[in-house]
Amino acid sequence: MYRPALSVMLVFGLAAGLGAPARASADAVRPGAAVFPTTIRLPNGFQPEGIATGPGPVAYIGSMADGSVYRADLRTGAGAILSRGTGTQALGLKSDPSGRLFVAGGAGGDARVLDTRTGRVLASYRLAAGPGFVNDVVLTQGAAWFTDSTNPVLYKLPLRGGRLPSAAVPIPLTGDLVYRGGEGSAAFNANGITPTPDGRGLVVVQSNTGGLFRVDPATGATRRVDLHGESLPEGDGLLLRGRTLFAVQNRFDTVAVLRLNAAGTEGRVLRRVKDARLDLPTTVAAFGSRLYLPNIRFFATGPTPHISYNAVAIPRP
């Protein structure tokens, strides 16, 4: 997920109407019908970052400002705050069939799991031993995996029998993925994360270099994915469907569409998709034949409590 500078990460004091349900967008006004609008309006000042969809026609959108989570009905675009912020951010999100939402805590260096029905916090985890930036999360069979953009480590939550663990397991990253320092967005390394098509590994994108890497989940050993001369600069959220990988390139307002081999060791960029409504998108989730992307809008506006925000739907390429 995109971060312009750590100094503007935690921006509190959202607009007074944050908890009120947002109205559906204009293209949702069709009495008696579920029309699945292409724009979901969010509360002013919300600063959307992560998004997860399902089960069913629902989206969960996390706030970079105060960690609140908004639940939207994809059929109408209407929604409301599900869970108010706990003091750390709500960046990468993933929901599971058991009604749980896994939330990456960004600069708080933590993670939490919410009940998608009530918004109640089911469990909280301190992940980074010191300063960290827990950026994104993916669910695989038997585990939840979190990236840290400033520390070369993945955090694993083992989900044996679906049960939440008492603590996370750090998996240090070694091999081809080498972390770099810097200021602002140049300081962000591992970001989006997804399984490999065969389910035996993980794939992460390094935002500041544009590299894509396969990770051995047992050892943390990384290997650069051969993209045949291509790269993914400003790579952010990742989404895998079959062997098709969708990679958000935030500052380019672009979704790159790649085809991976089964092992996730090689891939080709098939095309890059743009839309006039993309405004520094951070990540991507799918429902039906659409991709849904939240717009953080930092370059255009700066993070303020009065700016309007949204998530937009585009046809899945």
# chains A, B, ... in the order shown; residues from 1 in each chain; ligands from 1

$ residues_around --residues "Leu238 in chain A" --least-positions-apart "3" --cutoff "9 Å" --atoms "only C-alpha atoms" --output "ChimeraX atom specification"
/A:191-194,203-205,235,245-248,283-285

$ residues_around --residues "Gly161 in chain A" --least-positions-apart "2" --cutoff "12 Å" --atoms "only C-alpha atoms" --output "VMD selection string"
chain A and resid 98 141 to 143 158 to 159 163 to 165

$ write_last_selection --atoms "all heavy atoms" --output "PDB file, in the first residue's frame"
ATOM      1  N   SER A  98     -15.359 -17.808   7.556  1.00  0.00           N
ATOM      2  CA  SER A  98     -15.815 -17.939   8.942  1.00  0.00           C
ATOM      3  C   SER A  98     -16.271 -16.616   9.539  1.00  0.00           C
ATOM      4  O   SER A  98     -16.551 -16.546  10.747  1.00  0.00           O
ATOM      5  CB  SER A  98     -14.686 -18.524   9.806  1.00  0.00           C
ATOM      6  OG  SER A  98     -14.329 -19.816   9.356  1.00  0.00           O
ATOM      7  N   GLN A 141      -4.150 -21.680   2.806  1.00  0.00           N
ATOM      8  CA  GLN A 141      -4.674 -22.809   3.550  1.00  0.00           C
ATOM      9  C   GLN A 141      -3.836 -23.008   4.806  1.00  0.00           C
ATOM     10  O   GLN A 141      -2.672 -23.378   4.744  1.00  0.00           O
ATOM     11  CB  GLN A 141      -4.642 -24.071   2.691  1.00  0.00           C
ATOM     12  CG  GLN A 141      -5.318 -25.264   3.345  1.00  0.00           C
ATOM     13  CD  GLN A 141      -5.440 -26.439   2.401  1.00  0.00           C
ATOM     14  OE1 GLN A 141      -4.952 -26.395   1.284  1.00  0.00           O
ATOM     15  NE2 GLN A 141      -6.092 -27.496   2.852  1.00  0.00           N
ATOM     16  N   GLY A 142      -4.429 -22.682   5.929  1.00  0.00           N
ATOM     17  CA  GLY A 142      -3.761 -22.912   7.199  1.00  0.00           C
ATOM     18  C   GLY A 142      -2.992 -21.760   7.784  1.00  0.00           C
ATOM     19  O   GLY A 142      -2.369 -21.913   8.842  1.00  0.00           O
ATOM     20  N   ALA A 143      -3.018 -20.558   7.168  1.00  0.00           N
ATOM     21  CA  ALA A 143      -2.240 -19.452   7.736  1.00  0.00           C
ATOM     22  C   ALA A 143      -2.696 -18.115   7.165  1.00  0.00           C
ATOM     23  O   ALA A 143      -3.255 -18.032   6.068  1.00  0.00           O
ATOM     24  CB  ALA A 143      -0.749 -19.640   7.482  1.00  0.00           C
ATOM     25  N   PRO A 158      -0.474 -19.002  12.219  1.00  0.00           N
ATOM     26  CA  PRO A 158      -0.962 -20.356  11.911  1.00  0.00           C
ATOM     27  C   PRO A 158      -2.436 -20.477  12.296  1.00  0.00           C
ATOM     28  O   PRO A 158      -2.847 -20.034  13.369  1.00  0.00           O
ATOM     29  CB  PRO A 158      -0.088 -21.256  12.786  1.00  0.00           C
ATOM     30  CG  PRO A 158       1.081 -20.406  13.197  1.00  0.00           C
ATOM     31  CD  PRO A 158       0.571 -19.011  13.253  1.00  0.00           C
ATOM     32  N   LEU A 159      -3.215 -21.067  11.417  1.00  0.00           N
ATOM     33  CA  LEU A 159      -4.651 -21.206  11.658  1.00  0.00           C
ATOM     34  C   LEU A 159      -5.002 -22.695  11.678  1.00  0.00           C
ATOM     35  O   LEU A 159      -5.739 -23.190  10.831  1.00  0.00           O
ATOM     36  CB  LEU A 159      -5.451 -20.462  10.578  1.00  0.00           C
ATOM     37  CG  LEU A 159      -5.158 -18.972  10.441  1.00  0.00           C
ATOM     38  CD1 LEU A 159      -5.904 -18.385   9.259  1.00  0.00           C
ATOM     39  CD2 LEU A 159      -5.518 -18.230  11.725  1.00  0.00           C
ATOM     40  N   ARG A 163      -8.522 -22.194  13.982  1.00  0.00           N
ATOM     41  CA  ARG A 163      -8.456 -21.462  15.246  1.00  0.00           C
ATOM     42  C   ARG A 163      -7.395 -20.374  15.189  1.00  0.00           C
ATOM     43  O   ARG A 163      -6.324 -20.557  14.614  1.00  0.00           O
ATOM     44  CB  ARG A 163      -8.142 -22.423  16.397  1.00  0.00           C
ATOM     45  CG  ARG A 163      -9.212 -23.481  16.639  1.00  0.00           C
ATOM     46  CD  ARG A 163      -8.876 -24.331  17.856  1.00  0.00           C
ATOM     47  NE  ARG A 163      -7.601 -25.021  17.677  1.00  0.00           N
ATOM     48  CZ  ARG A 163      -7.454 -26.194  17.068  1.00  0.00           C
ATOM     49  NH1 ARG A 163      -8.514 -26.797  16.550  1.00  0.00           N
ATOM     50  NH2 ARG A 163      -6.268 -26.763  16.972  1.00  0.00           N
ATOM     51  N   LEU A 164      -7.674 -19.245  15.833  1.00  0.00           N
ATOM     52  CA  LEU A 164      -6.710 -18.160  15.915  1.00  0.00           C
ATOM     53  C   LEU A 164      -5.619 -18.521  16.919  1.00  0.00           C
ATOM     54  O   LEU A 164      -5.915 -19.019  18.006  1.00  0.00           O
ATOM     55  CB  LEU A 164      -7.391 -16.860  16.335  1.00  0.00           C
ATOM     56  CG  LEU A 164      -8.419 -16.296  15.352  1.00  0.00           C
ATOM     57  CD1 LEU A 164      -9.128 -15.095  15.964  1.00  0.00           C
ATOM     58  CD2 LEU A 164      -7.764 -15.906  14.024  1.00  0.00           C
ATOM     59  N   PRO A 165      -4.356 -18.246  16.582  1.00  0.00           N
ATOM     60  CA  PRO A 165      -3.266 -18.598  17.492  1.00  0.00           C
ATOM     61  C   PRO A 165      -3.093 -17.556  18.583  1.00  0.00           C
ATOM     62  O   PRO A 165      -3.686 -16.472  18.544  1.00  0.00           O
ATOM     63  CB  PRO A 165      -2.054 -18.618  16.563  1.00  0.00           C
ATOM     64  CG  PRO A 165      -2.374 -17.556  15.555  1.00  0.00           C
ATOM     65  CD  PRO A 165      -3.858 -17.657  15.328  1.00  0.00           C
TER      66      PRO A 165
END

$ select_by_dssp --residues "range 93-194 of chain A" --states "strand (DSSP E)" --output "VMD selection string"
chain A and resid 93 to 95 100 to 104 110 to 115 121 to 126 134 to 140 143 to 148 153 to 158 169 to 172 174 to 175 190 to 194

$ atom_distance --atom1 "CA of Gly92 in chain A" --atom2 "CA of Ala276 in chain A"
23.9 Å

$ atom_distance --atom1 "CA of Tyr155 in chain A" --atom2 "CA of Ala123 in chain A"
15.1 Å

$ residues_around --residues "Gly201 in chain A" --least-positions-apart "2" --cutoff "9 Å" --atoms "only C-alpha atoms" --output "ChimeraX atom specification"
/A:194-199,203,214-218,263-264

$ write_last_selection --atoms "C-alpha atoms" --output "mmCIF file, in the first residue's frame"
data_model
loop_
_atom_site.group_PDB
_atom_site.id
_atom_site.type_symbol
_atom_site.label_atom_id
_atom_site.label_comp_id
_atom_site.auth_asym_id
_atom_site.auth_seq_id
_atom_site.Cartn_x
_atom_site.Cartn_y
_atom_site.Cartn_z
ATOM 1 C CA THR A 194 -0.457 -13.348 -2.735
ATOM 2 C CA PRO A 195 -0.077 -17.129 -3.026
ATOM 3 C CA THR A 196 1.585 -18.686 -6.051
ATOM 4 C CA PRO A 197 -0.849 -20.335 -8.493
ATOM 5 C CA ASP A 198 0.116 -23.816 -7.271
ATOM 6 C CA GLY A 199 -0.386 -22.771 -3.639
ATOM 7 C CA VAL A 203 4.632 -13.842 -4.122
ATOM 8 C CA ARG A 214 8.630 -15.767 -4.869
ATOM 9 C CA VAL A 215 8.947 -16.659 -1.181
ATOM 10 C CA ASP A 216 9.362 -20.152 0.235
ATOM 11 C CA PRO A 217 6.916 -20.045 3.167
ATOM 12 C CA ALA A 218 8.859 -22.677 5.108
ATOM 13 C CA ALA A 263 5.177 -22.179 -9.419
ATOM 14 C CA GLY A 264 5.212 -18.385 -9.502
#

$ closest_atom_pairs --of "range 67-87 of chain A" --to "range 35-53 of chain A" --cutoff "9 Å" --atoms "only C-alpha atoms" --output "CSV"
residue,atom,partner,partner_atom,distance
A:Ser68,CA,A:Phe46,CA,8.3
A:Tyr70,CA,A:Leu42,CA,8.1
A:Ala72,CA,A:Ile40,CA,7.7
A:Asp73,CA,A:Phe36,CA,8.6
A:Leu74,CA,A:Phe36,CA,5.5
A:Arg75,CA,A:Phe36,CA,4.1
A:Thr76,CA,A:Phe36,CA,5.7
A:Gly77,CA,A:Ile40,CA,5.0
A:Ala78,CA,A:Ile40,CA,7.4
A:Gly79,CA,A:Leu42,CA,8.2
A:Ala80,CA,A:Leu42,CA,8.7

$ write_last_selection --atoms "N, CA, C and O atoms" --output "PDB file, in the first residue's frame"
ATOM      1  N   SER A  68     -10.289   2.727  11.343  1.00  0.00           N
ATOM      2  CA  SER A  68     -11.670   2.271  11.243  1.00  0.00           C
ATOM      3  C   SER A  68     -11.838   1.364  10.024  1.00  0.00           C
ATOM      4  O   SER A  68     -11.070   1.430   9.067  1.00  0.00           O
ATOM      5  N   TYR A  70     -14.852   0.193   7.256  1.00  0.00           N
ATOM      6  CA  TYR A  70     -16.159   0.528   6.703  1.00  0.00           C
ATOM      7  C   TYR A  70     -16.691  -0.688   5.949  1.00  0.00           C
ATOM      8  O   TYR A  70     -15.948  -1.351   5.230  1.00  0.00           O
ATOM      9  N   ALA A  72     -19.448  -1.903   3.118  1.00  0.00           N
ATOM     10  CA  ALA A  72     -20.305  -1.386   2.062  1.00  0.00           C
ATOM     11  C   ALA A  72     -21.044  -2.523   1.380  1.00  0.00           C
ATOM     12  O   ALA A  72     -20.479  -3.608   1.161  1.00  0.00           O
ATOM     13  N   ASP A  73     -22.284  -2.280   1.029  1.00  0.00           N
ATOM     14  CA  ASP A  73     -23.089  -3.219   0.243  1.00  0.00           C
ATOM     15  C   ASP A  73     -22.789  -2.951  -1.227  1.00  0.00           C
ATOM     16  O   ASP A  73     -23.084  -1.870  -1.746  1.00  0.00           O
ATOM     17  N   LEU A  74     -22.200  -3.919  -1.909  1.00  0.00           N
ATOM     18  CA  LEU A  74     -21.823  -3.712  -3.305  1.00  0.00           C
ATOM     19  C   LEU A  74     -23.036  -3.601  -4.220  1.00  0.00           C
ATOM     20  O   LEU A  74     -22.923  -3.068  -5.330  1.00  0.00           O
ATOM     21  N   ARG A  75     -24.192  -4.059  -3.769  1.00  0.00           N
ATOM     22  CA  ARG A  75     -25.391  -3.972  -4.595  1.00  0.00           C
ATOM     23  C   ARG A  75     -25.921  -2.552  -4.683  1.00  0.00           C
ATOM     24  O   ARG A  75     -26.538  -2.175  -5.693  1.00  0.00           O
ATOM     25  N   THR A  76     -25.716  -1.768  -3.633  1.00  0.00           N
ATOM     26  CA  THR A  76     -26.290  -0.418  -3.577  1.00  0.00           C
ATOM     27  C   THR A  76     -25.245   0.678  -3.412  1.00  0.00           C
ATOM     28  O   THR A  76     -25.530   1.842  -3.684  1.00  0.00           O
ATOM     29  N   GLY A  77     -24.064   0.339  -2.895  1.00  0.00           N
ATOM     30  CA  GLY A  77     -23.050   1.339  -2.587  1.00  0.00           C
ATOM     31  C   GLY A  77     -23.190   1.930  -1.209  1.00  0.00           C
ATOM     32  O   GLY A  77     -22.318   2.674  -0.759  1.00  0.00           O
ATOM     33  N   ALA A  78     -24.275   1.632  -0.505  1.00  0.00           N
ATOM     34  CA  ALA A  78     -24.486   2.184   0.839  1.00  0.00           C
ATOM     35  C   ALA A  78     -23.667   1.412   1.851  1.00  0.00           C
ATOM     36  O   ALA A  78     -23.355   0.230   1.665  1.00  0.00           O
ATOM     37  N   GLY A  79     -23.331   2.080   2.961  1.00  0.00           N
ATOM     38  CA  GLY A  79     -22.549   1.407   3.984  1.00  0.00           C
ATOM     39  C   GLY A  79     -22.431   2.233   5.243  1.00  0.00           C
ATOM     40  O   GLY A  79     -23.009   3.318   5.361  1.00  0.00           O
ATOM     41  N   ALA A  80     -21.646   1.707   6.187  1.00  0.00           N
ATOM     42  CA  ALA A  80     -21.446   2.374   7.481  1.00  0.00           C
ATOM     43  C   ALA A  80     -20.188   1.816   8.128  1.00  0.00           C
ATOM     44  O   ALA A  80     -19.649   0.784   7.696  1.00  0.00           O
TER      45      ALA A  80
END

$ residues_around --residues "Pro131 in chain A" --least-positions-apart "5" --cutoff "9 Å" --atoms "only C-alpha atoms" --output "short mmCIF file (atom, residue, chain, number, x, y, z; two decimals) with C-alpha atoms, in the first residue's frame"
data_model
loop_
_atom_site.label_atom_id
_atom_site.label_comp_id
_atom_site.auth_asym_id
_atom_site.auth_seq_id
_atom_site.Cartn_x
_atom_site.Cartn_y
_atom_site.Cartn_z
CA ALA A 107 2.91 1.88 11.40
CA GLY A 108 1.49 0.33 14.57
CA GLY A 109 3.49 -2.81 13.78
CA THR A 150 10.50 -1.74 6.66
CA ASN A 151 11.74 -5.04 8.17
#

$ residues_around --residues "range 249-252 of chain A" --least-positions-apart "4" --cutoff "6 Å" --atoms "only C-alpha atoms" --output "PyMOL selection string"
chain A and resi 234-236+280-282

$ write_last_selection --atoms "N, CA and C atoms" --output "tab-separated table (two decimals), in the first residue's frame"
chain	number	residue	atom	x	y	z
A	234	GLU	N	6.39	1.11	-8.06
A	234	GLU	CA	5.26	1.55	-7.23
A	234	GLU	C	4.24	0.44	-7.08
A	235	GLY	N	4.70	-0.82	-7.13
A	235	GLY	CA	3.80	-1.95	-6.93
A	235	GLY	C	3.20	-1.93	-5.54
A	236	ASP	N	1.92	-2.21	-5.48
A	236	ASP	CA	1.16	-2.10	-4.22
A	236	ASP	C	0.38	-3.40	-4.01
A	280	LEU	N	-4.67	7.47	-7.39
A	280	LEU	CA	-3.73	6.84	-6.49
A	280	LEU	C	-4.38	5.64	-5.79
A	281	PRO	N	-4.76	4.62	-6.56
A	281	PRO	CA	-5.33	3.42	-5.96
A	281	PRO	C	-4.27	2.66	-5.18
A	282	THR	N	-4.68	2.01	-4.12
A	282	THR	CA	-3.72	1.34	-3.25
A	282	THR	C	-3.70	-0.17	-3.41

$ closest_residue --among "A:Ser83, A:Thr219, A:Ser231, A:Thr265" --to "Arg243 in chain A" --atoms "only C-alpha atoms"
A:Thr265

$ residues_around --residues "Gly220 in chain A" --least-positions-apart "5" --cutoff "6 Å" --atoms "only C-alpha atoms" --output "PDB file with N, CA and C atoms, in the first residue's frame"
ATOM      1  N   ILE A 171       9.003 -14.932  10.071  1.00  0.00           N
ATOM      2  CA  ILE A 171       9.774 -15.691   9.085  1.00  0.00           C
ATOM      3  C   ILE A 171      10.730 -14.708   8.399  1.00  0.00           C
ATOM      4  N   PRO A 172      12.009 -14.668   8.783  1.00  0.00           N
ATOM      5  CA  PRO A 172      12.954 -13.728   8.151  1.00  0.00           C
ATOM      6  C   PRO A 172      13.104 -14.014   6.652  1.00  0.00           C
ATOM      7  N   LEU A 173      13.227 -12.959   5.873  1.00  0.00           N
ATOM      8  CA  LEU A 173      13.386 -13.076   4.430  1.00  0.00           C
ATOM      9  C   LEU A 173      14.868 -13.056   4.062  1.00  0.00           C
ATOM     10  N   VAL A 215       8.462 -16.371  -2.526  1.00  0.00           N
ATOM     11  CA  VAL A 215       8.947 -16.659  -1.181  1.00  0.00           C
ATOM     12  C   VAL A 215       8.607 -18.106  -0.829  1.00  0.00           C
TER      13      VAL A 215
END

$ residues_around --residues "Val312 in chain A" --least-positions-apart "2" --cutoff "8 Å" --atoms "only C-alpha atoms" --output "PyMOL selection string"
chain A and resi 38-40+277-278+292-295+310+314

$ closest_residue --among "A:Ala313, A:Ala111, A:Val273, A:Ile307" --to "Arg290 in chain A" --atoms "only C-alpha atoms"
A:Ala313

$ atom_distance --atom1 "CA of Asp96 in chain A" --atom2 "CA of Leu122 in chain A"
13.6 Å
